[in-house]
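> One file is attached below, final-v9.csv, containing CSV, C-alpha atoms and all ligand atoms.
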chain,number,residue,atom,x,y,z
A,25,VAL,CA,34.3,-2.4,157.9
A,26,PRO,CA,34.0,-6.2,157.7
A,27,THR,CA,37.0,-8.5,157.5
A,28,VAL,CA,38.0,-8.9,153.8
A,29,LEU,CA,40.2,-11.8,152.8
A,30,ARG,CA,41.7,-12.1,149.4
A,31,VAL,CA,41.5,-15.5,147.9
A,32,SER,CA,42.9,-16.4,144.5
A,33,PRO,CA,40.7,-18.5,142.3
A,34,VAL,CA,43.7,-19.7,140.3
A,35,ALA,CA,46.4,-20.4,143.0
A,36,PRO,CA,48.9,-23.1,141.9
A,37,ASN,CA,47.4,-25.5,144.4
A,38,GLY,CA,43.8,-24.4,143.9
A,39,VAL,CA,41.9,-22.2,146.3
A,40,ASP,CA,43.7,-21.3,149.6
A,41,SER,CA,42.2,-23.8,152.1
A,42,GLU,CA,43.0,-21.9,155.3
A,43,THR,CA,41.0,-18.9,154.1
A,44,ILE,CA,38.1,-21.2,152.9
A,45,ALA,CA,38.2,-23.1,156.2
A,46,GLN,CA,37.9,-19.8,158.2
A,47,ALA,CA,34.9,-18.7,156.0
A,48,ALA,CA,33.3,-22.1,156.3
A,49,ARG,CA,33.4,-21.8,160.1
A,50,VAL,CA,31.6,-18.5,159.9
A,51,ILE,CA,28.9,-20.2,157.9
A,52,ARG,CA,28.6,-23.1,160.2
A,53,ASP,CA,28.5,-20.8,163.3
A,54,GLY,CA,25.5,-19.0,161.8
A,55,GLY,CA,27.3,-16.0,160.4
A,56,LEU,CA,27.2,-14.3,157.0
A,57,VAL,CA,29.9,-14.6,154.3
A,58,ALA,CA,30.0,-12.6,151.1
A,59,PHE,CA,31.6,-14.7,148.4
A,60,PRO,CA,32.3,-14.5,144.6
A,61,THR,CA,30.4,-16.5,142.1
A,62,GLU,CA,30.6,-16.3,138.3
A,63,THR,CA,27.5,-14.0,138.2
A,64,VAL,CA,27.7,-11.5,141.1
A,65,TYR,CA,28.9,-11.6,144.7
A,66,GLY,CA,26.5,-13.6,147.0
A,67,LEU,CA,25.7,-13.0,150.7
A,68,GLY,CA,25.7,-16.6,152.1
A,69,ALA,CA,24.4,-18.3,155.2
A,70,ASN,CA,23.7,-21.9,156.2
A,71,ALA,CA,20.4,-22.8,154.3
A,72,LEU,CA,19.5,-25.3,157.0
A,73,ASP,CA,19.7,-22.7,159.8
A,74,ALA,CA,16.6,-20.4,160.0
A,75,ASP,CA,18.3,-17.8,162.3
A,76,ALA,CA,21.3,-17.5,160.0
A,77,VAL,CA,19.1,-17.1,157.0
A,78,GLY,CA,17.1,-14.5,158.9
A,79,ARG,CA,20.2,-12.4,159.2
A,80,ILE,CA,20.5,-12.2,155.4
A,81,PHE,CA,17.1,-10.5,155.2
A,82,VAL,CA,18.1,-8.1,158.0
A,83,ALA,CA,21.5,-7.3,156.5
A,84,LYS,CA,20.0,-6.6,153.0
A,85,GLY,CA,16.8,-5.0,154.2
A,86,ARG,CA,15.1,-7.6,152.0
A,87,PRO,CA,11.4,-8.1,152.1
A,88,ALA,CA,10.5,-11.5,153.7
A,89,ILE,CA,8.4,-12.4,150.6
A,90,ASN,CA,11.5,-12.6,148.4
A,91,PRO,CA,12.9,-16.1,148.4
A,92,LEU,CA,16.6,-17.0,148.2
A,93,ILE,CA,18.7,-19.2,145.9
A,94,VAL,CA,20.3,-22.1,147.6
A,95,HIS,CA,23.9,-22.7,146.4
A,96,VAL,CA,25.1,-26.3,146.2
A,97,THR,CA,28.2,-28.2,144.9
A,98,GLY,CA,26.1,-30.2,142.4
A,99,ALA,CA,23.2,-32.5,141.7
A,100,GLU,CA,23.7,-34.7,144.7
A,101,GLN,CA,23.4,-31.9,147.2
A,102,ALA,CA,20.6,-30.2,145.2
A,103,ALA,CA,18.6,-33.4,145.7
A,104,THR,CA,18.8,-32.9,149.5
A,105,VAL,CA,16.9,-29.6,149.3
A,106,GLY,CA,14.6,-30.1,146.3
A,107,HIS,CA,12.7,-32.9,144.5
A,108,TRP,CA,15.2,-34.0,141.8
A,109,THR,CA,13.7,-35.1,138.5
A,110,PRO,CA,15.2,-36.5,135.3
A,111,GLU,CA,14.6,-33.1,133.7
A,112,ALA,CA,16.6,-31.4,136.5
A,113,GLN,CA,19.3,-34.0,136.0
A,114,ARG,CA,19.5,-33.2,132.2
A,115,LEU,CA,19.7,-29.5,132.9
A,116,ALA,CA,22.3,-29.9,135.6
A,117,GLU,CA,24.5,-32.1,133.4
A,118,GLN,CA,24.5,-29.5,130.7
A,119,PHE,CA,24.6,-26.2,132.6
A,120,TRP,CA,26.1,-26.9,136.1
A,121,PRO,CA,28.2,-25.6,137.5
A,122,GLY,CA,26.9,-22.5,135.9
A,123,PRO,CA,24.5,-19.5,135.9
A,124,LEU,CA,21.2,-21.5,135.7
A,125,THR,CA,19.0,-21.6,138.8
A,126,LEU,CA,16.4,-24.4,138.9
A,127,VAL,CA,13.1,-23.9,140.9
A,128,LEU,CA,12.1,-27.3,142.3
A,129,GLU,CA,9.5,-28.7,144.6
A,130,ARG,CA,11.1,-28.3,148.1
A,131,ARG,CA,12.1,-30.7,150.8
A,132,PRO,CA,11.2,-30.0,154.4
A,133,GLN,CA,14.8,-29.6,155.7
A,134,VAL,CA,15.1,-26.2,154.0
A,135,ALA,CA,14.3,-23.4,156.4
A,136,ASP,CA,10.9,-21.8,155.6
A,137,VAL,CA,12.5,-18.4,155.6
A,138,VAL,CA,14.7,-19.4,152.6
A,139,THR,CA,11.7,-20.1,150.3
A,140,ALA,CA,9.6,-17.2,151.7
A,141,GLY,CA,7.0,-19.9,152.6
A,142,LEU,CA,6.7,-21.2,149.0
A,143,ASP,CA,6.5,-24.9,148.3
A,144,THR,CA,9.3,-24.6,145.8
A,145,VAL,CA,13.1,-24.0,146.3
A,146,ALA,CA,15.5,-22.3,144.0
A,147,VAL,CA,18.9,-24.1,143.6
A,148,ARG,CA,22.1,-23.8,141.6
A,149,ALA,CA,25.8,-24.8,141.5
A,150,PRO,CA,27.9,-21.7,140.9
A,151,ASP,CA,30.8,-22.0,138.4
A,152,HIS,CA,33.4,-20.4,140.6
A,153,PRO,CA,36.2,-22.4,142.4
A,154,VAL,CA,36.0,-20.2,145.5
A,155,ALA,CA,32.2,-20.6,145.8
A,156,LEU,CA,32.4,-24.3,145.3
A,157,ALA,CA,35.2,-24.7,147.8
A,158,LEU,CA,33.3,-22.7,150.4
A,159,ILE,CA,30.1,-24.7,150.0
A,160,ALA,CA,32.0,-28.0,150.2
A,161,ALA,CA,34.0,-26.9,153.3
A,162,ALA,CA,30.9,-25.6,155.0
A,163,GLY,CA,29.3,-29.1,154.4
A,164,VAL,CA,25.8,-27.5,154.1
A,165,PRO,CA,23.8,-25.9,151.3
A,166,VAL,CA,24.4,-22.1,151.3
A,167,ALA,CA,21.5,-19.7,150.8
A,168,ALA,CA,22.7,-16.6,149.1
A,169,PRO,CA,21.1,-13.6,147.3
A,170,SER,CA,23.2,-10.9,145.8
A,171,ALA,CA,25.5,-9.2,148.5
A,172,ASN,CA,23.9,-5.7,148.3
A,173,ARG,CA,21.2,-3.8,150.1
A,174,SER,CA,17.8,-4.8,148.7
A,175,GLY,CA,16.8,-3.2,145.3
A,176,ALA,CA,20.2,-1.8,144.6
A,177,VAL,CA,22.7,-2.7,141.9
A,178,SER,CA,24.3,-6.1,142.4
A,179,PRO,CA,28.0,-6.2,143.4
A,180,THR,CA,30.5,-7.5,140.9
A,181,CYS,CA,33.5,-7.0,143.1
A,182,ALA,CA,34.3,-7.1,146.8
A,183,GLU,CA,34.5,-3.3,147.0
A,184,HIS,CA,30.9,-3.0,145.9
A,185,VAL,CA,29.9,-5.4,148.7
A,186,VAL,CA,31.7,-3.4,151.4
A,187,ALA,CA,30.3,-0.2,150.1
A,188,SER,CA,26.7,-1.5,150.2
A,189,LEU,CA,26.7,-3.7,153.3
A,190,GLY,CA,29.6,-2.5,155.5
A,191,ASP,CA,29.8,-4.5,158.7
A,192,ARG,CA,26.4,-6.0,158.2
A,193,VAL,CA,28.4,-8.9,156.7
A,194,ASP,CA,30.9,-10.9,158.9
A,195,LEU,CA,33.4,-11.8,156.3
A,196,VAL,CA,34.0,-11.0,152.6
A,197,LEU,CA,36.0,-13.3,150.3
A,198,ASP,CA,37.6,-11.2,147.6
A,199,ALA,CA,38.5,-13.0,144.4
A,200,GLY,CA,38.4,-10.0,142.1
A,201,PRO,CA,35.7,-9.0,139.6
A,202,THR,CA,33.1,-11.6,138.5
A,203,GLN,CA,33.0,-13.0,135.0
A,204,VAL,CA,29.3,-13.0,133.9
A,205,GLY,CA,28.3,-9.8,135.7
A,206,ILE,CA,24.5,-10.2,135.8
A,207,GLU,CA,22.4,-12.5,137.9
A,208,SER,CA,21.6,-16.2,137.0
A,209,THR,CA,18.8,-17.3,134.7
A,210,VAL,CA,15.9,-18.6,136.8
A,211,LEU,CA,13.9,-21.6,135.4
A,212,ALA,CA,10.9,-23.2,137.1
A,213,LEU,CA,10.5,-26.9,136.5
A,214,GLY,CA,7.2,-28.8,136.2
A,215,PRO,CA,5.7,-26.9,133.3
A,216,LEU,CA,9.0,-25.1,132.2
A,217,ARG,CA,8.8,-21.4,132.9
A,218,LEU,CA,11.6,-18.9,132.5
A,219,LEU,CA,11.3,-16.5,135.6
A,220,ARG,CA,14.4,-14.4,135.0
A,221,LEU,CA,16.7,-14.0,132.0
A,222,GLY,CA,20.4,-14.4,132.3
A,223,HIS,CA,23.6,-15.7,130.7
A,224,VAL,CA,22.1,-19.1,130.0
A,225,SER,CA,19.7,-18.3,127.1
A,226,ARG,CA,16.2,-19.5,126.5
A,227,ALA,CA,17.4,-21.1,123.2
A,228,ALA,CA,20.1,-23.1,125.0
A,229,ILE,CA,17.6,-24.4,127.6
A,230,GLN,CA,15.1,-25.3,124.9
A,231,ALA,CA,17.7,-27.2,123.0
A,232,CYS,CA,18.2,-29.2,126.1
A,233,VAL,CA,14.6,-29.8,127.4
A,234,GLY,CA,12.2,-28.5,124.8
A,235,PRO,CA,9.7,-25.6,124.9
A,236,VAL,CA,10.0,-23.0,127.7
A,237,VAL,CA,7.3,-20.4,128.5
A,238,MET,CA,8.4,-16.8,129.3
A,239,ALA,CA,7.2,-15.7,132.7
A,240,THR,CA,9.6,-12.9,133.3
A,241,GLN,CA,7.0,-10.2,133.9
A,242,ALA,CA,4.9,-10.0,137.0
A,243,SER,CA,1.3,-11.0,136.4
A,244,ASP,CA,-1.9,-9.5,137.8
A,245,GLU,CA,-1.8,-11.7,140.8
A,246,GLY,CA,1.6,-10.2,141.6
A,247,PRO,CA,5.1,-11.6,141.1
A,248,THR,CA,5.7,-15.3,141.7
A,249,SER,CA,9.4,-14.6,141.5
A,250,PRO,CA,10.7,-11.3,142.8
A,251,GLY,CA,13.2,-11.1,139.9
A,252,GLN,CA,10.0,-10.3,138.0
A,253,LEU,CA,9.6,-7.0,139.8
A,254,LEU,CA,9.4,-4.1,137.3
A,255,ARG,CA,11.8,-1.9,139.1
A,256,HIS,CA,14.9,-3.7,140.4
A,257,TYR,CA,18.7,-3.7,140.0
A,258,ALA,CA,18.6,0.1,139.9
A,259,PRO,CA,21.2,2.8,140.8
A,260,HIS,CA,20.3,5.8,143.1
A,261,ALA,CA,20.9,8.1,140.2
A,262,ARG,CA,18.2,8.6,137.6
A,263,LEU,CA,19.0,6.2,134.8
A,264,ILE,CA,17.9,7.1,131.3
A,265,ALA,CA,18.3,4.9,128.2
A,266,VAL,CA,18.6,6.7,124.9
A,267,ALA,CA,18.9,5.4,121.3
A,268,CYS,CA,22.3,4.1,120.4
A,269,GLY,CA,24.4,7.0,119.2
A,270,ASP,CA,22.3,9.7,121.0
A,271,GLY,CA,24.2,9.4,124.3
A,272,PRO,CA,26.8,12.2,123.8
A,273,ALA,CA,24.2,14.8,122.6
A,274,MET,CA,21.9,13.9,125.5
A,275,VAL,CA,24.5,14.1,128.2
A,276,GLU,CA,25.8,17.4,126.9
A,277,ALA,CA,22.2,18.8,126.8
A,278,LEU,CA,21.9,17.9,130.5
A,279,ALA,CA,25.3,18.9,131.6
A,280,ASP,CA,24.5,22.5,132.5
A,281,ARG,CA,22.0,21.7,135.2
A,282,ASP,CA,22.7,18.1,136.1
A,283,ARG,CA,25.8,16.1,137.2
A,284,ALA,CA,25.4,13.7,134.3
A,285,GLY,CA,27.4,10.5,133.5
A,286,LEU,CA,27.5,8.6,130.3
A,287,ILE,CA,27.7,4.9,129.5
A,288,THR,CA,28.4,4.2,125.9
A,289,HIS,CA,29.2,1.1,123.8
A,290,ARG,CA,29.0,2.5,120.3
A,291,ALA,CA,29.2,6.3,120.3
A,292,THR,CA,32.5,8.1,121.1
A,293,SER,CA,32.5,11.2,123.3
A,294,ALA,CA,34.9,13.1,125.4
A,295,HIS,CA,32.3,13.6,128.1
A,296,ASP,CA,33.5,13.1,131.7
A,297,PRO,CA,32.5,11.1,133.7
A,298,GLN,CA,32.0,8.3,131.2
A,299,VAL,CA,32.3,4.5,131.0
A,300,ARG,CA,32.7,2.8,127.7
A,301,LEU,CA,31.5,-0.8,127.7
A,302,PRO,CA,32.4,-3.5,125.2
A,303,SER,CA,29.9,-3.7,122.3
A,304,ASP,CA,29.4,-7.5,122.6
A,305,PRO,CA,26.7,-8.8,124.9
A,306,GLU,CA,29.0,-10.8,127.2
A,307,GLY,CA,31.4,-7.9,127.6
A,308,PHE,CA,28.6,-5.4,128.2
A,309,ALA,CA,27.0,-7.6,130.9
A,310,ARG,CA,30.4,-8.2,132.6
A,311,GLY,CA,31.0,-4.4,132.9
A,312,LEU,CA,27.5,-3.0,133.3
A,313,TYR,CA,27.1,-3.1,137.1
A,314,ALA,CA,30.6,-1.8,137.8
A,315,ALA,CA,29.8,1.1,135.4
A,316,LEU,CA,26.6,1.9,137.3
A,317,HIS,CA,28.4,1.7,140.7
A,318,GLN,CA,31.2,3.9,139.5
A,319,LEU,CA,28.9,6.7,138.1
A,320,ASP,CA,26.2,6.4,140.8
A,321,GLY,CA,28.1,8.3,143.5
A,322,ALA,CA,29.3,11.1,141.2
A,323,CYS,CA,26.1,11.7,139.1
A,324,ASP,CA,22.4,12.7,139.5
A,325,THR,CA,21.6,11.3,136.1
A,326,ILE,CA,23.2,8.5,134.1
A,327,ILE,CA,22.6,8.3,130.4
A,328,ILE,CA,23.1,4.9,128.9
A,329,GLU,CA,22.9,3.9,125.2
A,330,SER,CA,20.3,1.3,124.4
A,331,VAL,CA,21.4,-2.1,123.4
A,332,PRO,CA,20.4,-3.9,120.1
A,333,ALA,CA,17.2,-5.8,119.7
A,334,GLY,CA,18.7,-9.2,119.2
A,335,GLU,CA,18.0,-12.3,121.3
A,336,GLU,CA,21.6,-12.4,122.5
A,337,TRP,CA,21.0,-9.1,124.2
A,338,ALA,CA,17.8,-10.2,125.9
A,339,ALA,CA,19.2,-10.6,129.5
A,340,VAL,CA,21.0,-7.2,129.4
A,341,ARG,CA,18.0,-5.5,127.9
A,342,ASP,CA,15.8,-7.0,130.7
A,343,ARG,CA,18.1,-5.6,133.4
A,344,LEU,CA,18.2,-2.1,131.7
A,345,GLU,CA,14.4,-2.1,131.4
A,346,ARG,CA,14.0,-2.8,135.1
A,347,ALA,CA,16.7,-0.4,136.2
A,348,THR,CA,15.4,2.5,134.1
A,349,ARG,CA,11.8,2.3,135.4
A,350,ASP,CA,10.5,5.1,137.7
B,401,LIG,P1,18.9,-12.7,144.0
B,401,LIG,O1,19.6,-13.9,144.6
B,401,LIG,O2,18.8,-11.5,144.9
B,401,LIG,O3,19.4,-12.4,142.6
B,401,LIG,O4,17.4,-13.1,143.8
B,401,LIG,C1,17.0,-14.5,143.8
B,401,LIG,C2,16.0,-14.7,142.6
B,401,LIG,O5,15.6,-16.1,142.6
B,401,LIG,C3,14.8,-13.8,142.8
B,401,LIG,O6,14.5,-13.3,141.5
B,401,LIG,C4,13.8,-14.8,143.3
B,401,LIG,O7,12.5,-14.4,142.9
B,401,LIG,C5,14.1,-16.1,142.6
B,401,LIG,N1,13.6,-17.2,143.4
B,401,LIG,C6,14.2,-17.7,144.5
B,401,LIG,N2,13.4,-18.8,145.0
B,401,LIG,C7,12.4,-18.9,144.2
B,401,LIG,C8,11.2,-19.7,144.2
B,401,LIG,N3,11.0,-20.7,145.1
B,401,LIG,N4,10.3,-19.6,143.2
B,401,LIG,C9,10.5,-18.6,142.3
B,401,LIG,N5,11.6,-17.8,142.2
B,401,LIG,C10,12.5,-17.9,143.2
B,402,MG,MG,19.6,-9.3,144.2
Can you give me the file's structure in the form of structure tokens?

Amino acid sequence: VPTVLRVSPVAPNGVDSETIAQAARVIRDGGLVAFPTETVYGLGANALDADAVGRIFVAKGRPAINPLIVHVTGAEQAATVGHWTPEAQRLAEQFWPGPLTLVLERRPQVADVVTAGLDTVAVRAPDHPVALALIAAAGVPVAAPSANRSGAVSPTCAEHVVASLGDRVDLVLDAGPTQVGIESTVLALGPLRLLRLGHVSRAAIQACVGPVVMATQASDEGPTSPGQLLRHYAPHARLIAVACGDGPAMVEALADRDRAGLITHRATSAHDPQVRLPSDPEGFARGLYAALHQLDGACDTIIIESVPAGEEWAAVRDRLERATRD
């Protein structure tokens, strides 16, 4: 079991500096620290230290072709890892700190292993006081994918991190459950292309910088961003989406021969085990991964009610489509 340190994001005097200093030392010494962001928990290492970043890939069992997001305190530090443009500045002014990752032309100081050999680098400033304090105290940009074994459901609390990574991580900062609950929106600059959907919507980005092309599905030449992989973010249990309202009947039909769990947001049912999520997109996204983690251990099959077709549900729908693929 790794060392887990609780750190309050809303302490009277801000984030506890002793704890942050200890975690920052681990980063500077080349170790791995799991830390909270507003999206999901990240598994962080010094982005300028190739050996440290290599440990992230080993700990996750992550394929070397899957590049990492570099976490920074803001635009100034982002400009040290990527080519900063007026467009990047506009986006950062509007959305940072926040769940929007920008893919920029890279600078040479970033370790090759971070970008998986690409000539671009992904960068964002997370909207979480603990994450920002850690990056500032470390004094280096922090490369961090989600703090889970590769391909599995992302962690939205420290317990998920410990369950997935065990002592493959040196230190876990625990600040309770995350707010957004799904991974960041990923936007490539140059010709603007949306590589992954998230809490920051396409409409909000377009209102800021004009038309954005959707590139969230892998093309014939293979994925240019692994968030485009068709199956991803999936639990071990079989996950089946059913029409909204059909969840209870479906789970009862399976119950004789299957340990089946139910995730609803509209229908009511007495089925056990069951998680009822809020019926608004933000609340649903916030609770989705915890629901999958909770039911995954206890069930062979998880039945989840489909979400509505509206644009405000696009990011959640994207995760469910990838998680329900065979
Ligand atoms: P994760 O941090 O595990 O949620 O995954 C990071 C996401 O950022 C993945 O979907 C990557 O494909 C994407 N990403 C990171 N770096 C780049 C890059 N240079 N170009 C395109 N996508 C990237
Ligand atoms: Mg991930």
> Report as CSV: every residue of segment 152-190 of chain A with an atom at most 6 Å from segment 51-64 of chain A, its closest pair of atoms, and their distance in Å to one decimal, counting only C-alpha atoms, with rows sorted by chain and ascending residue number.

residue,atom,partner,partner_atom,distance
A:His152,CA,A:Thr61,CA,5.1
A:Ala155,CA,A:Thr61,CA,5.8
A:Pro179,CA,A:Val64,CA,5.8
A:Thr180,CA,A:Val64,CA,4.9
> In Å to one decimal, how far is atom CA of Pro121 of chain A from atom CA of Leu158 of chain A?
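Atom CA of Pro121 of chain A lies 14.2 Å from atom CA of Leu158 of chain A.
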> Between A:Ile287, A:Val77, A:Ala339, A:Ala294, which residue has the minimum interatomic distance to Leu319 of chain A, considering all atoms listed in the file?
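Using all atoms listed in the file, Leu319 of chain A sits closest to A:Ile287.
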> I'd like to know which of A:Pro91, A:Pro153, A:Pro26, A:Gly234 is closest to Val134 of chain A, using all atoms listed in the file.
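For Val134 of chain A, the nearest of the candidates is A:Pro91.
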> Got a sec: who's within 7 Å of Leu263 of chain A, counting only C-alpha atoms, leaving out chain neighbours fewer than 4 positions off, as a list in words?
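Residues near the query, excluding close chain neighbours: Thr325, Ile326, Ile327 and Thr348 of chain A.
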> In Å, rounded to a single decimal, give me how far atom CA of Ser208 of chain A is from atom CA of Val224 of chain A.
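The value is 7.6 Å.
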> Give me, as a Markdown table, the closest atom pair and its distance (Å, one decimal) for every residue of chain A within a cut-off of 9 Å of ligand LIG 401 (chain B), counting all atoms listed in the file, rows sorted by chain and rising number.

| residue | atom | partner | partner_atom | distance |
| --- | --- | --- | --- | --- |
| A:Val64 | CA | B:LIG401 | O3 | 8.5 |
| A:Gly66 | CA | B:LIG401 | O1 | 7.3 |
| A:Leu67 | CA | B:LIG401 | O1 | 8.7 |
| A:Arg86 | CA | B:LIG401 | O2 | 8.9 |
| A:Ile89 | CA | B:LIG401 | O7 | 8.9 |
| A:Asn90 | CA | B:LIG401 | O7 | 5.9 |
| A:Pro91 | CA | B:LIG401 | N2 | 4.4 |
| A:Leu92 | CA | B:LIG401 | C6 | 4.5 |
| A:Ile93 | CA | B:LIG401 | C6 | 4.9 |
| A:Val94 | CA | B:LIG401 | N2 | 8.1 |
| A:Thr125 | CA | B:LIG401 | O5 | 7.5 |
| A:Leu126 | CA | B:LIG401 | C7 | 8.6 |
| A:Val127 | CA | B:LIG401 | N4 | 5.6 |
| A:Leu128 | CA | B:LIG401 | N3 | 7.3 |
| A:Glu129 | CA | B:LIG401 | N3 | 8.2 |
| A:Arg130 | CA | B:LIG401 | N3 | 8.2 |
| A:Val138 | CA | B:LIG401 | N2 | 7.7 |
| A:Thr139 | CA | B:LIG401 | N3 | 5.3 |
| A:Ala140 | CA | B:LIG401 | N3 | 7.6 |
| A:Gly141 | CA | B:LIG401 | N3 | 8.5 |
| A:Leu142 | CA | B:LIG401 | N3 | 5.8 |
| A:Asp143 | CA | B:LIG401 | N3 | 6.9 |
| A:Thr144 | CA | B:LIG401 | N3 | 4.3 |
| A:Val145 | CA | B:LIG401 | N3 | 4.1 |
| A:Ala146 | CA | B:LIG401 | N2 | 4.2 |
| A:Val147 | CA | B:LIG401 | N2 | 7.8 |
| A:Ala167 | CA | B:LIG401 | O1 | 8.7 |
| A:Ala168 | CA | B:LIG401 | O1 | 6.1 |
| A:Pro169 | CA | B:LIG401 | O1 | 3.1 |
| A:Ser170 | CA | B:LIG401 | O2 | 4.5 |
| A:Ala171 | CA | B:LIG401 | O2 | 7.9 |
| A:Asn172 | CA | B:LIG401 | O2 | 8.4 |
| A:Ser174 | CA | B:LIG401 | O2 | 7.8 |
| A:Gly175 | CA | B:LIG401 | O2 | 8.5 |
| A:Ser178 | CA | B:LIG401 | O3 | 8.0 |
| A:Ile206 | CA | B:LIG401 | O3 | 8.8 |
| A:Glu207 | CA | B:LIG401 | O3 | 5.6 |
| A:Ser208 | CA | B:LIG401 | O3 | 7.1 |
| A:Thr209 | CA | B:LIG401 | O5 | 8.6 |
| A:Val210 | CA | B:LIG401 | O5 | 6.3 |
| A:Leu211 | CA | B:LIG401 | N5 | 8.1 |
| A:Ala212 | CA | B:LIG401 | C9 | 7.0 |
| A:Leu219 | CA | B:LIG401 | N5 | 6.7 |
| A:Arg220 | CA | B:LIG401 | O6 | 6.6 |
| A:Pro247 | CA | B:LIG401 | O7 | 8.1 |
| A:Thr248 | CA | B:LIG401 | C9 | 5.9 |
| A:Ser249 | CA | B:LIG401 | O7 | 3.4 |
| A:Pro250 | CA | B:LIG401 | O7 | 3.6 |
| A:Gly251 | CA | B:LIG401 | O6 | 3.0 |
| A:Gln252 | CA | B:LIG401 | O6 | 6.4 |
| A:Leu253 | CA | B:LIG401 | O6 | 8.2 |
> Would you mind exporting C-alpha atoms of the selected residues as a PDB file, in the coordinates of the input?

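Writing the result to result_27.pdb gives the following:
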ATOM      1  CA  VAL A  64      27.700 -11.500 141.100  1.00  0.00           C
ATOM      2  CA  GLY A  66      26.500 -13.600 147.000  1.00  0.00           C
ATOM      3  CA  LEU A  67      25.700 -13.000 150.700  1.00  0.00           C
ATOM      4  CA  ARG A  86      15.100  -7.600 152.000  1.00  0.00           C
ATOM      5  CA  ILE A  89       8.400 -12.400 150.600  1.00  0.00           C
ATOM      6  CA  ASN A  90      11.500 -12.600 148.400  1.00  0.00           C
ATOM      7  CA  PRO A  91      12.900 -16.100 148.400  1.00  0.00           C
ATOM      8  CA  LEU A  92      16.600 -17.000 148.200  1.00  0.00           C
ATOM      9  CA  ILE A  93      18.700 -19.200 145.900  1.00  0.00           C
ATOM     10  CA  VAL A  94      20.300 -22.100 147.600  1.00  0.00           C
ATOM     11  CA  THR A 125      19.000 -21.600 138.800  1.00  0.00           C
ATOM     12  CA  LEU A 126      16.400 -24.400 138.900  1.00  0.00           C
ATOM     13  CA  VAL A 127      13.100 -23.900 140.900  1.00  0.00           C
ATOM     14  CA  LEU A 128      12.100 -27.300 142.300  1.00  0.00           C
ATOM     15  CA  GLU A 129       9.500 -28.700 144.600  1.00  0.00           C
ATOM     16  CA  ARG A 130      11.100 -28.300 148.100  1.00  0.00           C
ATOM     17  CA  VAL A 138      14.700 -19.400 152.600  1.00  0.00           C
ATOM     18  CA  THR A 139      11.700 -20.100 150.300  1.00  0.00           C
ATOM     19  CA  ALA A 140       9.600 -17.200 151.700  1.00  0.00           C
ATOM     20  CA  GLY A 141       7.000 -19.900 152.600  1.00  0.00           C
ATOM     21  CA  LEU A 142       6.700 -21.200 149.000  1.00  0.00           C
ATOM     22  CA  ASP A 143       6.500 -24.900 148.300  1.00  0.00           C
ATOM     23  CA  THR A 144       9.300 -24.600 145.800  1.00  0.00           C
ATOM     24  CA  VAL A 145      13.100 -24.000 146.300  1.00  0.00           C
ATOM     25  CA  ALA A 146      15.500 -22.300 144.000  1.00  0.00           C
ATOM     26  CA  VAL A 147      18.900 -24.100 143.600  1.00  0.00           C
ATOM     27  CA  ALA A 167      21.500 -19.700 150.800  1.00  0.00           C
ATOM     28  CA  ALA A 168      22.700 -16.600 149.100  1.00  0.00           C
ATOM     29  CA  PRO A 169      21.100 -13.600 147.300  1.00  0.00           C
ATOM     30  CA  SER A 170      23.200 -10.900 145.800  1.00  0.00           C
ATOM     31  CA  ALA A 171      25.500  -9.200 148.500  1.00  0.00           C
ATOM     32  CA  ASN A 172      23.900  -5.700 148.300  1.00  0.00           C
ATOM     33  CA  SER A 174      17.800  -4.800 148.700  1.00  0.00           C
ATOM     34  CA  GLY A 175      16.800  -3.200 145.300  1.00  0.00           C
ATOM     35  CA  SER A 178      24.300  -6.100 142.400  1.00  0.00           C
ATOM     36  CA  ILE A 206      24.500 -10.200 135.800  1.00  0.00           C
ATOM     37  CA  GLU A 207      22.400 -12.500 137.900  1.00  0.00           C
ATOM     38  CA  SER A 208      21.600 -16.200 137.000  1.00  0.00           C
ATOM     39  CA  THR A 209      18.800 -17.300 134.700  1.00  0.00           C
ATOM     40  CA  VAL A 210      15.900 -18.600 136.800  1.00  0.00           C
ATOM     41  CA  LEU A 211      13.900 -21.600 135.400  1.00  0.00           C
ATOM     42  CA  ALA A 212      10.900 -23.200 137.100  1.00  0.00           C
ATOM     43  CA  LEU A 219      11.300 -16.500 135.600  1.00  0.00           C
ATOM     44  CA  ARG A 220      14.400 -14.400 135.000  1.00  0.00           C
ATOM     45  CA  PRO A 247       5.100 -11.600 141.100  1.00  0.00           C
ATOM     46  CA  THR A 248       5.700 -15.300 141.700  1.00  0.00           C
ATOM     47  CA  SER A 249       9.400 -14.600 141.500  1.00  0.00           C
ATOM     48  CA  PRO A 250      10.700 -11.300 142.800  1.00  0.00           C
ATOM     49  CA  GLY A 251      13.200 -11.100 139.900  1.00  0.00           C
ATOM     50  CA  GLN A 252      10.000 -10.300 138.000  1.00  0.00           C
ATOM     51  CA  LEU A 253       9.600  -7.000 139.800  1.00  0.00           C
TER      52      LEU A 253
END
> Counting all atoms listed in the file, write as a list in words all protein and nucleic acid residues lying at most 7 Å from (29.6, 5.9, 130.4) in the file's frame.
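Nearby residues: Gly285, Leu286, Ile287, Thr288, Pro297, Gln298, Val299, Arg300, Ala315 and Ile328 of chain A.
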> Given the choices A:Gly334, A:Gly85, A:Gly307, A:Pro215, which gets closest to ligand MG 402 (chain B) if the distance is worked out from all atoms listed in the file?
A:Gly85
> One number please: atom CA of Val340 of chain A to atom CA of Ala199 of chain A, in Å, one decimal.
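Interatomic distance here is 23.8 Å.
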> Which residue gives the smallest distance to Ser41 of chain A among A:Leu124, A:Ala161, A:Ala258, A:Val137, with all atoms listed in the file counted?
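Of A:Leu124, A:Ala161, A:Ala258, A:Val137, the one nearest Ser41 of chain A, counting all atoms listed in the file, is A:Ala161.
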